[in-house]
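Following: one structure in structure tokens, then a few remarks.
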Amino acid sequence: MGLFTAQRFSDGDRLDVAGCPVRLKVDGRARRVSLRVDRARSEVVAQAPTPRRLSEAVAFAHEKSAWIAGQLAALPSRISVAPGGVLRLYDTAYRLEVGPGRTRKEDGRLIAPDDANWGMRILRLAKREALTVLTERTIVHAAALNRPTPTIAVADPKARWGSCRPARPGTPAAIRYSWRLILAPAAVADYVAAHECAHLIEANHGPRFWALCHQLVGDPAPHRAWLRAHAAELHAISP
Ligand SMILES: [Zn+2]
């Protein structure tokens with residue numbers, strides 16, 4: 001047996017292919033090896049139907065290294081917030097400013113004092129705003145489904161917009177959102193809140209789950225498409 005065929009790869013392995021990050025993935029529903037771009041993580045996923053065929057996916061990634069480099073080069077890398085710029089929160093555009101006093105939202109402006117942490121303070125304000133808005137929407141959707149309000153938190157996960165841990169005896173359900181949803185259109189953020197609340201009843205993505213989403217916010221398809229198309233952009237926003 002040659003060295004190459006003896007090499008074993010596992011689901012989740014990360015490789016460097018001609019200077020680009022490639023993650024290996026086993027997907028039992030796939031029929032053949034394939035490549036796709038994970039825009040949120042700025043990496044390429046090489047997928048195979050079985051662990052045995054991961055080496056085939058690796059060979060394919062090497063063969064397509066020029067395509068991989070081109071795809072990753074086209075992703076936005078970092079979008080800095082800056083004084084004089086605009087940040088859109090939940091469908092409202094705020095002008096970003098430097099000013100004395102505490103960091104605040106005032107008359108269509110986000111204002112933070114002039115120091116090295118200015119950008120960080122502005123984004124922390126956006127995070128607080130995200131928690132407020134997503135809490136409001138979660139309360140509305142949970143009530144519409146006759147479920148008690150879960151505990152709600154925001155974080156900065158790279159791979160998902162929300163997650164829902166169902167209630168257990170003595171522990172209420174818990175929903176965690178990406179704070180970056182506040183940077184998306186309000187209808188999109190609201191869809192994610194509805195999606196996670198639907199998980200309070202259906203802990204899966206089956207037809208009954210999607211029927212609940214539909215009942216809460218209408219057709220989820222355009223919102224899901226928006227998130228796929230803009231994931232890299234939302235994750236690129238930084239201090
Ligand atoms: Zn889900």
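Following the order of the structure tokens, chains are lettered A, B, ..., residues in each are numbered from 1, and ligands are numbered from 1.
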For stretch 112-114 of chain A: contacts at 6 Å, only C-alpha atoms, fewer than 2 positions along chain excluded, given as a list in words: Val98, Gly99, Pro100, Thr103 and Trp118 of chain A
Requested write-out: C-alpha atoms of the selected residues, as a short mmCIF file (atom, residue, chain, number, x, y, z; two decimals), in the first residue's frame:
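Produced file result.cif, reproduced below:
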```
data_model
loop_
_atom_site.label_atom_id
_atom_site.label_comp_id
_atom_site.auth_asym_id
_atom_site.auth_seq_id
_atom_site.Cartn_x
_atom_site.Cartn_y
_atom_site.Cartn_z
CA VAL A 98 -16.92 60.39 19.28
CA GLY A 99 -18.19 62.36 22.27
CA PRO A 100 -17.66 62.87 25.99
CA THR A 103 -21.27 55.27 25.61
CA TRP A 118 -13.92 53.38 21.02
#
```
Surroundings of ligand 1 up to 12 Å, based on only C-alpha atoms and all ligand atoms, as a PyMOL selection string: chain A and resi 160-166+175-177+191-206+209-210+212-213+220+224
DSSP helix (DSSP H, G or I) residues within stretch 34-126 of chain A, listed as a ChimeraX atom specification: /A:51-63,65-73,118-126
Could you save those same residues with C-alpha atoms as a PDB file, in the first residue's frame?
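Output file again_21.pdb is given in full below:
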```pdb
ATOM      1  CA  PRO A  51     -14.853   8.672   6.447  1.00  0.00           C
ATOM      2  CA  ARG A  52     -13.051   6.293   4.059  1.00  0.00           C
ATOM      3  CA  ARG A  53     -13.652   8.644   1.163  1.00  0.00           C
ATOM      4  CA  LEU A  54     -12.227  11.720   2.946  1.00  0.00           C
ATOM      5  CA  SER A  55      -8.861  11.083   1.268  1.00  0.00           C
ATOM      6  CA  GLU A  56     -10.678  11.426  -2.068  1.00  0.00           C
ATOM      7  CA  ALA A  57     -12.119  14.780  -0.884  1.00  0.00           C
ATOM      8  CA  VAL A  58      -8.595  15.891   0.105  1.00  0.00           C
ATOM      9  CA  ALA A  59      -7.242  14.964  -3.335  1.00  0.00           C
ATOM     10  CA  PHE A  60     -10.131  16.877  -4.923  1.00  0.00           C
ATOM     11  CA  ALA A  61      -9.367  19.965  -2.787  1.00  0.00           C
ATOM     12  CA  HIS A  62      -5.730  19.883  -3.930  1.00  0.00           C
ATOM     13  CA  GLU A  63      -6.834  19.580  -7.542  1.00  0.00           C
ATOM     14  CA  SER A  65      -6.703  24.743  -5.034  1.00  0.00           C
ATOM     15  CA  ALA A  66      -6.860  27.684  -7.475  1.00  0.00           C
ATOM     16  CA  TRP A  67     -10.668  27.765  -7.209  1.00  0.00           C
ATOM     17  CA  ILE A  68     -10.424  27.615  -3.382  1.00  0.00           C
ATOM     18  CA  ALA A  69      -7.954  30.528  -3.252  1.00  0.00           C
ATOM     19  CA  GLY A  70     -10.206  32.610  -5.523  1.00  0.00           C
ATOM     20  CA  GLN A  71     -13.322  31.951  -3.418  1.00  0.00           C
ATOM     21  CA  LEU A  72     -11.620  32.861  -0.129  1.00  0.00           C
ATOM     22  CA  ALA A  73      -9.973  35.975  -1.593  1.00  0.00           C
ATOM     23  CA  TRP A 118     -13.916  53.380  21.022  1.00  0.00           C
ATOM     24  CA  GLY A 119     -14.778  50.621  18.498  1.00  0.00           C
ATOM     25  CA  MET A 120     -15.132  48.019  21.238  1.00  0.00           C
ATOM     26  CA  ARG A 121     -17.502  50.300  23.181  1.00  0.00           C
ATOM     27  CA  ILE A 122     -19.668  50.858  20.100  1.00  0.00           C
ATOM     28  CA  LEU A 123     -19.937  47.129  19.429  1.00  0.00           C
ATOM     29  CA  ARG A 124     -20.669  46.431  23.107  1.00  0.00           C
ATOM     30  CA  LEU A 125     -23.538  48.897  22.812  1.00  0.00           C
ATOM     31  CA  ALA A 126     -24.762  47.006  19.729  1.00  0.00           C
TER      32      ALA A 126
END
```
Polymer residues at most 9 Å from A:Lys158, only C-alpha atoms, same-chain spacing of 3 or more positions, as a PyMOL selection string: chain A and resi 40-41+161+178+235
Produce a file of the selected residues containing C-alpha atoms, as a PDB file, in the first residue's frame.
```pdb
ATOM      1  CA  ALA A  40     -19.150  32.525   8.197  1.00  0.00           C
ATOM      2  CA  ARG A  41     -15.863  30.804   9.017  1.00  0.00           C
ATOM      3  CA  TRP A 161     -27.296  32.357  14.583  1.00  0.00           C
ATOM      4  CA  SER A 178     -25.554  35.641  17.889  1.00  0.00           C
ATOM      5  CA  HIS A 235     -18.971  38.313  10.913  1.00  0.00           C
TER       6      HIS A 235
END
```
Residue list (strand (DSSP E), DSSP) for stretch 24-136 of chain A, as number ranges by chain: A: 24-26, 34-38, 43-48, 79-80, 86-89, 92-98, 104-106, 109-112
Please write the residues from the selection above to a file, keeping C-alpha atoms, as a compact mmCIF listing (two decimals), in the first residue's frame.
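Output file result02.txt is given in full below:
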```txt
# COMPACT_ATOMS: atom_id res chain seq x y z
CA LEU A 24 -13.06 17.96 6.25
CA LYS A 25 -16.62 16.87 6.74
CA VAL A 26 -18.45 13.55 6.51
CA SER A 34 -17.57 18.04 -3.07
CA LEU A 35 -16.25 21.45 -2.03
CA ARG A 36 -18.17 24.41 -0.68
CA VAL A 37 -17.36 27.76 0.91
CA ASP A 38 -18.33 28.30 4.57
CA GLU A 43 -12.92 28.42 5.08
CA VAL A 44 -13.65 25.78 2.49
CA VAL A 45 -15.38 22.53 3.44
CA ALA A 46 -14.32 19.36 1.62
CA GLN A 47 -17.11 16.88 2.04
CA ALA A 48 -17.33 13.10 1.55
CA ILE A 79 -15.09 45.79 8.27
CA SER A 80 -14.05 48.24 10.99
CA VAL A 86 -22.92 54.37 9.89
CA LEU A 87 -24.03 51.22 11.68
CA ARG A 88 -27.43 49.77 10.93
CA LEU A 89 -29.12 48.21 13.97
CA THR A 92 -32.27 51.90 11.84
CA ALA A 93 -29.09 53.58 10.60
CA TYR A 94 -27.04 55.23 13.36
CA ARG A 95 -24.23 57.68 12.77
CA LEU A 96 -21.10 56.74 14.69
CA GLU A 97 -19.56 59.52 16.74
CA VAL A 98 -16.92 60.39 19.28
CA ARG A 104 -24.85 55.78 24.46
CA LYS A 105 -27.52 55.75 21.77
CA GLU A 106 -28.96 59.23 21.27
CA ARG A 109 -26.33 58.40 16.87
CA LEU A 110 -24.10 55.94 18.69
CA ILE A 111 -21.61 57.90 20.77
CA ALA A 112 -18.55 56.70 22.67
```
Spatial neighbours of A:Arg14, 8 Å, only C-alpha atoms, chain gap at least 3 places, as a ChimeraX atom specification: /A:21-24
Keeping N, CA and C atoms for every residue in the selection just given, could you write it to a file as a PDB file, in the first residue's frame?
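part09.pdb, freshly written:
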```pdb
ATOM      1  N   PRO A  21      -7.344  27.532   4.340  1.00  0.00           N
ATOM      2  CA  PRO A  21      -7.915  26.604   5.320  1.00  0.00           C
ATOM      3  C   PRO A  21      -9.032  25.753   4.707  1.00  0.00           C
ATOM      4  N   VAL A  22      -8.915  24.452   4.872  1.00  0.00           N
ATOM      5  CA  VAL A  22      -9.939  23.518   4.378  1.00  0.00           C
ATOM      6  C   VAL A  22     -10.327  22.594   5.525  1.00  0.00           C
ATOM      7  N   ARG A  23     -11.631  22.494   5.789  1.00  0.00           N
ATOM      8  CA  ARG A  23     -12.129  21.613   6.845  1.00  0.00           C
ATOM      9  C   ARG A  23     -12.759  20.377   6.204  1.00  0.00           C
ATOM     10  N   LEU A  24     -12.502  19.211   6.791  1.00  0.00           N
ATOM     11  CA  LEU A  24     -13.062  17.964   6.251  1.00  0.00           C
ATOM     12  C   LEU A  24     -14.369  17.647   6.956  1.00  0.00           C
TER      13      LEU A  24
END
```
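Rounded to one decimal, atom CA of A:Gly19 and atom CA of A:Arg78 lie 19.1 Å from each other.
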Computed interatomic separation between atom CA of A:Thr149 and atom CA of A:Leu234 (Å): 27.4 Å
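Between A:Ala153 and the residues A:Val81, A:Ala173, A:Val140, A:Ala167, the shortest atom-to-atom distance, using only C-alpha atoms, involves A:Ala173.
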